[in-house]
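Encoded as structure tokens, the structure appears first; notes follow it.
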Amino acid sequence: MQDSPGFPITRLERAVQYLLLLALFCVPFSTWLTNVFAGCCVLCFGAAVATSAPLRAVLRTPPALLAIGLLALLALGASWSIGPPADIGSALKKYARLLVLPIAVATSLRDPGMPARALAAFFGGAAVLASSNYLVWHDLMPASSEGWWRIGTATDSFSFKNHITIGILLSFATVTCLLGATYVQGTRARVACVAAGILFSVPIIFLNQGRTGYVTLFVGMVVLFLLRVRFTPLRTTFGLAAIVLLFVGFYASSNNFKQRTDDLITEVRTDQKRSPNGLRMSYLRVGTGIVAAHPLAGLGTGSFAEVYAPTALRDWPEDELGHTRHQPHSEFLLIAAQLGVPGLLLYFAMLASLLRPALRTRSFHADALVLLWVIYVVSSSFNSLLWDVTEAYWFLLLAGSLYASARHQAQPALRPAAP
């Protein structure tokens with residue numbers, strides 16, 4: 001089936017598009033606005049699907065069907081969950097964000113201009129996030145008396161989001177700008193893309209203390225190099241060595257980069273239980289124990305916090321962390337602990353279906369999808385991105401839109417029948 005619009009886009013569909021773009025614009029700096037626009041988008045899309053046969057037709061794509069299937073399995077997992085009702089309800093509310101993936105896919109298949117607008121909306125929000133980090137650095141960022149946003153200090157210049165989220169979002173923005181520099185025509189356009197990439201990268205390396213951002217930026221630059229440089233053994237060796245040397249330079253010149261890297265090395269060498277790395281290792285031990293004991297169905301949706309609670313109280317008896325309802329900071333481990341290996345395979349199938357068309361064609365949008373996918377998957381190894389509101393909307397909305405563009409480009413044009 002050819003994914004051309006075929007039928008005019010209705011006003012209701014157009015409203016869905018605007019709401020989707022507004023949600024994506026707000027993702028980097030406002031959770032509340034993102035939830036409002038995304039919620040309205042889902043409601044309007046439900047009404048649009050009921051009145052549009054062409055929209056229903058483009059919903060039958062592998063990522064959309066697998067996302068709905070995963071959400072259905074999570075809803076079913078609530079029936080055997082050992083978690084308390086509050087944890088089950090919270091988990092289902094979080095995973096309901098999977099509904100925006102079919103919406104992004106369907107609206108972008110109906111309107112080929114949507115992927116470019118989706119990227120532009122995200123970059124607008126990322127610019128707000130990066131600019132606010134610079135303002136904090138210069139002590140010019142206003143505080144919110146109502147607590148609507150958070151700000152750091154001149155030595156740890158974060159704003160709106162935490163270090164992990166800032167690092168993930170701005171690293172994707174950085175490498176996508178550099179990707180654009182390899183596609184645009186003209187020196188001025190290339191310089192503008194590179195300059196934008198630098199402006200997005202400075203907060204990651206120099207202004208705040210998120211180690212995840214260091215990893216995702218490095219991985220993103222390696223993938224970008226492999227996508228856009230013609231492969232030869234010598235060229236690849238020198239290119240990868242140059243990227244490594246660049247990050248050695250970051251380590252030598254950035255106090256934040258050096259401090260956070262040294263802290264991690266110390267935590268690993270000394271096996272500190274009461275440290276970020278020690279906490280993640282305890283998640284790993286408990287999570288893998290759940291999967292080993294219950295490989296076929298896990299312990300149900302929203303169950304991890306209940307299983308981890310005794311470990312939290314043992315390791316942090318006098319601290320607030322001992323009474324926190326934890327998740328394991330690994331989306332793969334979290335899905336497997338809740339739904340078992342079959343649920344994890346369904347999740348992997350959804351991710352693979354999103355990447356598949358990007359591997360069959362080379363274009364700016366297809367390569368941007370590869371970068372998005374790799375950064376998301378790498379980050380999900382040690383962060384629960386689908387569980388977290390910002391990262392979930394960022395990935396699902398952009399991946400759905402870019403998937404549609406890559407699918408359009410990967411499909412050969414239909415030739416008219418011979419007379």
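In the structure tokens, each chain is lettered A, B, ... as it comes, each chain's residues begin at 1, and ligands are numbered from 1 in order of appearance.
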Would you pick out the contacts of Leu246 in chain A at 12 Å or less, using only C-alpha atoms, so that residues sharing its chain but fewer than 3 positions from it are not included, and give the list as number ranges by chain?
A: 205, 214, 217-218, 221-222, 239-243, 249-254
Atoms kept (all heavy atoms) for selection, written as a compact mmCIF listing (two decimals), in the first residue's frame:
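Contents of part-v6.txt, freshly written:
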# COMPACT_ATOMS: atom_id res chain seq x y z
N ILE A 205 28.52 19.36 28.41
CA ILE A 205 29.92 19.13 28.76
C ILE A 205 30.39 20.04 29.89
O ILE A 205 31.11 19.60 30.80
CB ILE A 205 30.83 19.31 27.53
CG1 ILE A 205 30.42 18.35 26.42
CG2 ILE A 205 32.29 19.12 27.90
CD1 ILE A 205 30.53 16.89 26.79
N TYR A 214 27.10 12.68 28.80
CA TYR A 214 28.43 12.42 28.26
C TYR A 214 28.40 11.15 27.39
O TYR A 214 28.99 11.10 26.31
CB TYR A 214 29.45 12.22 29.38
CG TYR A 214 29.48 13.29 30.43
CD1 TYR A 214 29.92 13.01 31.72
CD2 TYR A 214 29.07 14.59 30.16
CE1 TYR A 214 29.95 13.98 32.71
CE2 TYR A 214 29.10 15.57 31.14
CZ TYR A 214 29.53 15.26 32.41
OH TYR A 214 29.56 16.23 33.38
N LEU A 217 26.14 11.67 24.14
CA LEU A 217 26.80 12.53 23.15
C LEU A 217 27.93 11.77 22.45
O LEU A 217 28.08 11.86 21.23
CB LEU A 217 27.35 13.78 23.84
CG LEU A 217 28.00 14.82 22.92
CD1 LEU A 217 27.02 15.31 21.86
CD2 LEU A 217 28.55 15.99 23.72
N PHE A 218 28.69 11.02 23.21
CA PHE A 218 29.77 10.22 22.61
C PHE A 218 29.20 9.19 21.64
O PHE A 218 29.67 9.08 20.49
CB PHE A 218 30.58 9.53 23.71
CG PHE A 218 31.65 8.62 23.18
CD1 PHE A 218 32.86 9.14 22.73
CD2 PHE A 218 31.47 7.25 23.11
CE1 PHE A 218 33.86 8.31 22.23
CE2 PHE A 218 32.44 6.41 22.61
CZ PHE A 218 33.65 6.94 22.17
N MET A 221 27.82 10.80 18.46
CA MET A 221 28.86 11.25 17.53
C MET A 221 29.50 10.08 16.79
O MET A 221 29.82 10.18 15.60
CB MET A 221 29.91 12.07 18.27
CG MET A 221 29.39 13.39 18.79
SD MET A 221 30.64 14.46 19.53
CE MET A 221 31.59 14.92 18.09
N VAL A 222 29.67 8.96 17.48
CA VAL A 222 30.20 7.77 16.82
C VAL A 222 29.24 7.28 15.73
O VAL A 222 29.65 6.98 14.60
CB VAL A 222 30.48 6.65 17.84
CG1 VAL A 222 30.78 5.33 17.13
CG2 VAL A 222 31.64 7.04 18.75
N GLY A 239 38.96 8.39 12.41
CA GLY A 239 37.76 9.12 12.82
C GLY A 239 37.35 8.80 14.25
O GLY A 239 37.05 9.71 15.05
N LEU A 240 37.33 7.52 14.59
CA LEU A 240 36.96 7.13 15.95
C LEU A 240 38.01 7.60 16.95
O LEU A 240 37.66 8.02 18.07
CB LEU A 240 36.80 5.61 16.02
CG LEU A 240 35.64 5.03 15.19
CD1 LEU A 240 35.60 3.52 15.33
CD2 LEU A 240 34.30 5.65 15.60
N ALA A 241 39.26 7.55 16.55
CA ALA A 241 40.32 8.05 17.45
C ALA A 241 40.16 9.55 17.70
O ALA A 241 40.37 10.03 18.82
CB ALA A 241 41.69 7.76 16.84
N ALA A 242 39.75 10.29 16.66
CA ALA A 242 39.54 11.73 16.83
C ALA A 242 38.40 12.02 17.81
O ALA A 242 38.50 12.95 18.62
CB ALA A 242 39.25 12.36 15.47
N ILE A 243 37.34 11.22 17.75
CA ILE A 243 36.22 11.41 18.68
C ILE A 243 36.67 11.12 20.10
O ILE A 243 36.33 11.85 21.05
CB ILE A 243 35.03 10.53 18.27
CG1 ILE A 243 34.48 10.97 16.91
CG2 ILE A 243 33.92 10.59 19.33
CD1 ILE A 243 33.39 10.06 16.35
N GLY A 249 39.79 15.64 25.63
CA GLY A 249 39.89 17.08 25.79
C GLY A 249 38.79 17.64 26.68
O GLY A 249 39.03 18.53 27.50
N PHE A 250 37.57 17.13 26.52
CA PHE A 250 36.47 17.55 27.39
C PHE A 250 36.81 17.23 28.86
O PHE A 250 36.56 18.04 29.76
CB PHE A 250 35.18 16.86 27.00
CG PHE A 250 34.60 17.30 25.68
CD1 PHE A 250 33.76 16.47 24.95
CD2 PHE A 250 34.89 18.57 25.17
CE1 PHE A 250 33.22 16.88 23.75
CE2 PHE A 250 34.35 18.99 23.96
CZ PHE A 250 33.52 18.13 23.25
N TYR A 251 37.33 16.03 29.08
CA TYR A 251 37.70 15.62 30.45
C TYR A 251 38.75 16.56 31.03
O TYR A 251 38.69 16.93 32.21
CB TYR A 251 38.22 14.18 30.41
CG TYR A 251 38.72 13.67 31.74
CD1 TYR A 251 37.84 13.15 32.68
CD2 TYR A 251 40.07 13.73 32.05
CE1 TYR A 251 38.29 12.68 33.91
CE2 TYR A 251 40.55 13.27 33.27
CZ TYR A 251 39.65 12.75 34.20
OH TYR A 251 40.11 12.29 35.41
N ALA A 252 39.70 16.97 30.20
CA ALA A 252 40.79 17.82 30.69
C ALA A 252 40.34 19.25 30.91
O ALA A 252 40.91 19.96 31.77
CB ALA A 252 41.95 17.79 29.69
N SER A 253 39.33 19.72 30.18
CA SER A 253 38.97 21.14 30.22
C SER A 253 37.71 21.45 31.00
O SER A 253 37.47 22.62 31.34
CB SER A 253 38.82 21.68 28.79
OG SER A 253 37.80 20.95 28.09
N SER A 254 36.90 20.44 31.31
CA SER A 254 35.64 20.68 32.01
C SER A 254 35.69 20.14 33.43
O SER A 254 35.87 18.93 33.64
CB SER A 254 34.48 20.02 31.26
OG SER A 254 33.30 20.03 32.04
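Using only C-alpha atoms, the protein and nucleic acid residues lying no more than 6 Å from range 83-96 of chain A, apart from those fewer than 2 places from it along its own chain, are Ser81, Leu98, Leu99, Thr301, Gly302, Ser303, Glu306 and Trp387 of chain A.
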Would you mind exporting the chosen residues as a PDB file, in the first residue's frame, restricted to N, CA and C atoms?
ATOM      1  N   SER A  81      -0.450  -8.566  38.990  1.00  0.00           N
ATOM      2  CA  SER A  81       0.576  -7.773  39.663  1.00  0.00           C
ATOM      3  C   SER A  81       0.515  -7.945  41.174  1.00  0.00           C
ATOM      4  N   LEU A  98       2.185   5.398  25.415  1.00  0.00           N
ATOM      5  CA  LEU A  98       2.414   4.631  24.186  1.00  0.00           C
ATOM      6  C   LEU A  98       1.391   4.979  23.108  1.00  0.00           C
ATOM      7  N   LEU A  99       0.247   5.509  23.510  1.00  0.00           N
ATOM      8  CA  LEU A  99      -0.793   5.856  22.532  1.00  0.00           C
ATOM      9  C   LEU A  99      -0.343   6.950  21.573  1.00  0.00           C
ATOM     10  N   THR A 301       2.366  -5.590  36.191  1.00  0.00           N
ATOM     11  CA  THR A 301       2.559  -4.154  35.979  1.00  0.00           C
ATOM     12  C   THR A 301       2.626  -3.406  37.311  1.00  0.00           C
ATOM     13  N   GLY A 302       3.627  -2.546  37.446  1.00  0.00           N
ATOM     14  CA  GLY A 302       3.767  -1.742  38.655  1.00  0.00           C
ATOM     15  C   GLY A 302       4.246  -2.516  39.864  1.00  0.00           C
ATOM     16  N   SER A 303       4.958  -3.618  39.657  1.00  0.00           N
ATOM     17  CA  SER A 303       5.329  -4.499  40.770  1.00  0.00           C
ATOM     18  C   SER A 303       6.735  -4.256  41.316  1.00  0.00           C
ATOM     19  N   GLU A 306       7.420  -2.711  44.908  1.00  0.00           N
ATOM     20  CA  GLU A 306       7.049  -3.570  46.029  1.00  0.00           C
ATOM     21  C   GLU A 306       8.149  -4.585  46.317  1.00  0.00           C
ATOM     22  N   TRP A 387       9.270   5.049  31.078  1.00  0.00           N
ATOM     23  CA  TRP A 387       8.611   5.318  32.358  1.00  0.00           C
ATOM     24  C   TRP A 387       8.578   6.817  32.652  1.00  0.00           C
TER      25      TRP A 387
END
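Checking A:Ala78, A:Leu333, A:Ala104, A:Ala64 one by one against Ser405 in chain A, counting only C-alpha atoms, you find the shortest gap at A:Ala104.
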Taking 3 positions as the minimum chain separation for residues in the same chain, which residues sit within 9 Å of Tyr183 in chain A when counting only C-alpha atoms? Answer as number ranges by chain.
A: 179-180, 190, 363-364
Env of Leu354 in chain A: 6 Å cut, atoms = only C-alpha atoms, seq-sep filter 2 positions within chain, self excluded. Answer as a PyMOL selection string.
chain A and resi 63+351-352+356+403
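Each of A:Leu33, A:Leu21, A:Leu109, A:Leu207 was compared to Gly152 in chain A using only C-alpha atoms, and A:Leu207 turns out to be the nearest.
Closest approach to Gly69 in chain A among A:Met350, A:Leu371, A:Val389, A:Ala297 is made by A:Met350 (distances from only C-alpha atoms).
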Just want the 7 Å neighbourhood of Leu397 in chain A, counted on only C-alpha atoms, with same-chain residues fewer than 2 positions away dropped. Output as number ranges by chain.
A: 24, 100-101, 104, 393-395, 399-401
Residues of the last selection are to be written out with all heavy atoms, as a PDB file, in the first residue's frame.
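What landed in part01.pdb:
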ATOM      1  N   LEU A  24       5.290  18.420  21.486  1.00  0.00           N
ATOM      2  CA  LEU A  24       6.710  18.171  21.222  1.00  0.00           C
ATOM      3  C   LEU A  24       7.549  19.407  21.510  1.00  0.00           C
ATOM      4  O   LEU A  24       8.680  19.306  22.020  1.00  0.00           O
ATOM      5  CB  LEU A  24       6.877  17.726  19.772  1.00  0.00           C
ATOM      6  CG  LEU A  24       8.184  17.043  19.364  1.00  0.00           C
ATOM      7  CD1 LEU A  24       8.610  15.984  20.362  1.00  0.00           C
ATOM      8  CD2 LEU A  24       8.020  16.441  17.987  1.00  0.00           C
ATOM      9  N   VAL A 100       0.628   7.774  21.980  1.00  0.00           N
ATOM     10  CA  VAL A 100       1.028   8.859  21.083  1.00  0.00           C
ATOM     11  C   VAL A 100       1.879   8.355  19.927  1.00  0.00           C
ATOM     12  O   VAL A 100       2.018   9.056  18.920  1.00  0.00           O
ATOM     13  CB  VAL A 100       1.764   9.995  21.836  1.00  0.00           C
ATOM     14  CG1 VAL A 100       0.903  10.552  22.954  1.00  0.00           C
ATOM     15  CG2 VAL A 100       3.117   9.541  22.353  1.00  0.00           C
ATOM     16  N   LEU A 101       2.462   7.153  20.045  1.00  0.00           N
ATOM     17  CA  LEU A 101       3.247   6.623  18.928  1.00  0.00           C
ATOM     18  C   LEU A 101       2.368   6.355  17.709  1.00  0.00           C
ATOM     19  O   LEU A 101       2.700   6.814  16.603  1.00  0.00           O
ATOM     20  CB  LEU A 101       4.004   5.374  19.348  1.00  0.00           C
ATOM     21  CG  LEU A 101       4.825   4.688  18.242  1.00  0.00           C
ATOM     22  CD1 LEU A 101       5.880   5.626  17.675  1.00  0.00           C
ATOM     23  CD2 LEU A 101       5.489   3.414  18.769  1.00  0.00           C
ATOM     24  N   ALA A 104       1.488   9.742  16.141  1.00  0.00           N
ATOM     25  CA  ALA A 104       2.576  10.363  15.379  1.00  0.00           C
ATOM     26  C   ALA A 104       2.780   9.666  14.046  1.00  0.00           C
ATOM     27  O   ALA A 104       2.994  10.313  13.013  1.00  0.00           O
ATOM     28  CB  ALA A 104       3.864  10.335  16.201  1.00  0.00           C
ATOM     29  N   TYR A 393       7.723  10.958  25.836  1.00  0.00           N
ATOM     30  CA  TYR A 393       7.090  11.771  24.795  1.00  0.00           C
ATOM     31  C   TYR A 393       8.105  12.174  23.725  1.00  0.00           C
ATOM     32  O   TYR A 393       7.784  12.177  22.529  1.00  0.00           O
ATOM     33  CB  TYR A 393       6.461  13.023  25.408  1.00  0.00           C
ATOM     34  CG  TYR A 393       5.114  12.783  26.040  1.00  0.00           C
ATOM     35  CD1 TYR A 393       4.827  13.207  27.333  1.00  0.00           C
ATOM     36  CD2 TYR A 393       4.100  12.132  25.335  1.00  0.00           C
ATOM     37  CE1 TYR A 393       3.597  12.999  27.909  1.00  0.00           C
ATOM     38  CE2 TYR A 393       2.850  11.920  25.900  1.00  0.00           C
ATOM     39  CZ  TYR A 393       2.610  12.355  27.191  1.00  0.00           C
ATOM     40  OH  TYR A 393       1.368  12.138  27.760  1.00  0.00           O
ATOM     41  N   TRP A 394       9.301  12.529  24.142  1.00  0.00           N
ATOM     42  CA  TRP A 394      10.347  12.897  23.178  1.00  0.00           C
ATOM     43  C   TRP A 394      10.567  11.779  22.178  1.00  0.00           C
ATOM     44  O   TRP A 394      10.564  12.008  20.961  1.00  0.00           O
ATOM     45  CB  TRP A 394      11.629  13.210  23.942  1.00  0.00           C
ATOM     46  CG  TRP A 394      12.885  13.145  23.142  1.00  0.00           C
ATOM     47  CD1 TRP A 394      13.312  14.039  22.208  1.00  0.00           C
ATOM     48  CD2 TRP A 394      13.906  12.127  23.201  1.00  0.00           C
ATOM     49  NE1 TRP A 394      14.530  13.647  21.691  1.00  0.00           N
ATOM     50  CE2 TRP A 394      14.912  12.475  22.281  1.00  0.00           C
ATOM     51  CE3 TRP A 394      14.059  10.961  23.954  1.00  0.00           C
ATOM     52  CZ2 TRP A 394      16.054  11.695  22.086  1.00  0.00           C
ATOM     53  CZ3 TRP A 394      15.194  10.189  23.771  1.00  0.00           C
ATOM     54  CH2 TRP A 394      16.175  10.550  22.845  1.00  0.00           C
ATOM     55  N   PHE A 395      10.756  10.575  22.668  1.00  0.00           N
ATOM     56  CA  PHE A 395      11.062   9.466  21.763  1.00  0.00           C
ATOM     57  C   PHE A 395       9.845   9.052  20.949  1.00  0.00           C
ATOM     58  O   PHE A 395       9.933   8.896  19.714  1.00  0.00           O
ATOM     59  CB  PHE A 395      11.575   8.267  22.561  1.00  0.00           C
ATOM     60  CG  PHE A 395      11.818   7.056  21.692  1.00  0.00           C
ATOM     61  CD1 PHE A 395      12.888   7.020  20.816  1.00  0.00           C
ATOM     62  CD2 PHE A 395      10.952   5.973  21.730  1.00  0.00           C
ATOM     63  CE1 PHE A 395      13.115   5.917  20.000  1.00  0.00           C
ATOM     64  CE2 PHE A 395      11.166   4.855  20.922  1.00  0.00           C
ATOM     65  CZ  PHE A 395      12.246   4.829  20.054  1.00  0.00           C
ATOM     66  N   ALA A 399      10.005   9.585  17.070  1.00  0.00           N
ATOM     67  CA  ALA A 399      10.217   8.317  16.371  1.00  0.00           C
ATOM     68  C   ALA A 399       9.066   8.012  15.432  1.00  0.00           C
ATOM     69  O   ALA A 399       9.274   7.546  14.302  1.00  0.00           O
ATOM     70  CB  ALA A 399      10.398   7.182  17.377  1.00  0.00           C
ATOM     71  N   GLY A 400       7.835   8.268  15.877  1.00  0.00           N
ATOM     72  CA  GLY A 400       6.687   8.016  15.009  1.00  0.00           C
ATOM     73  C   GLY A 400       6.711   8.881  13.767  1.00  0.00           C
ATOM     74  O   GLY A 400       6.444   8.405  12.650  1.00  0.00           O
ATOM     75  N   SER A 401       7.058  10.156  13.925  1.00  0.00           N
ATOM     76  CA  SER A 401       7.100  11.068  12.779  1.00  0.00           C
ATOM     77  C   SER A 401       8.237  10.710  11.824  1.00  0.00           C
ATOM     78  O   SER A 401       8.046  10.655  10.597  1.00  0.00           O
ATOM     79  CB  SER A 401       7.254  12.513  13.261  1.00  0.00           C
ATOM     80  OG  SER A 401       6.118  12.934  13.983  1.00  0.00           O
TER      81      SER A 401
END
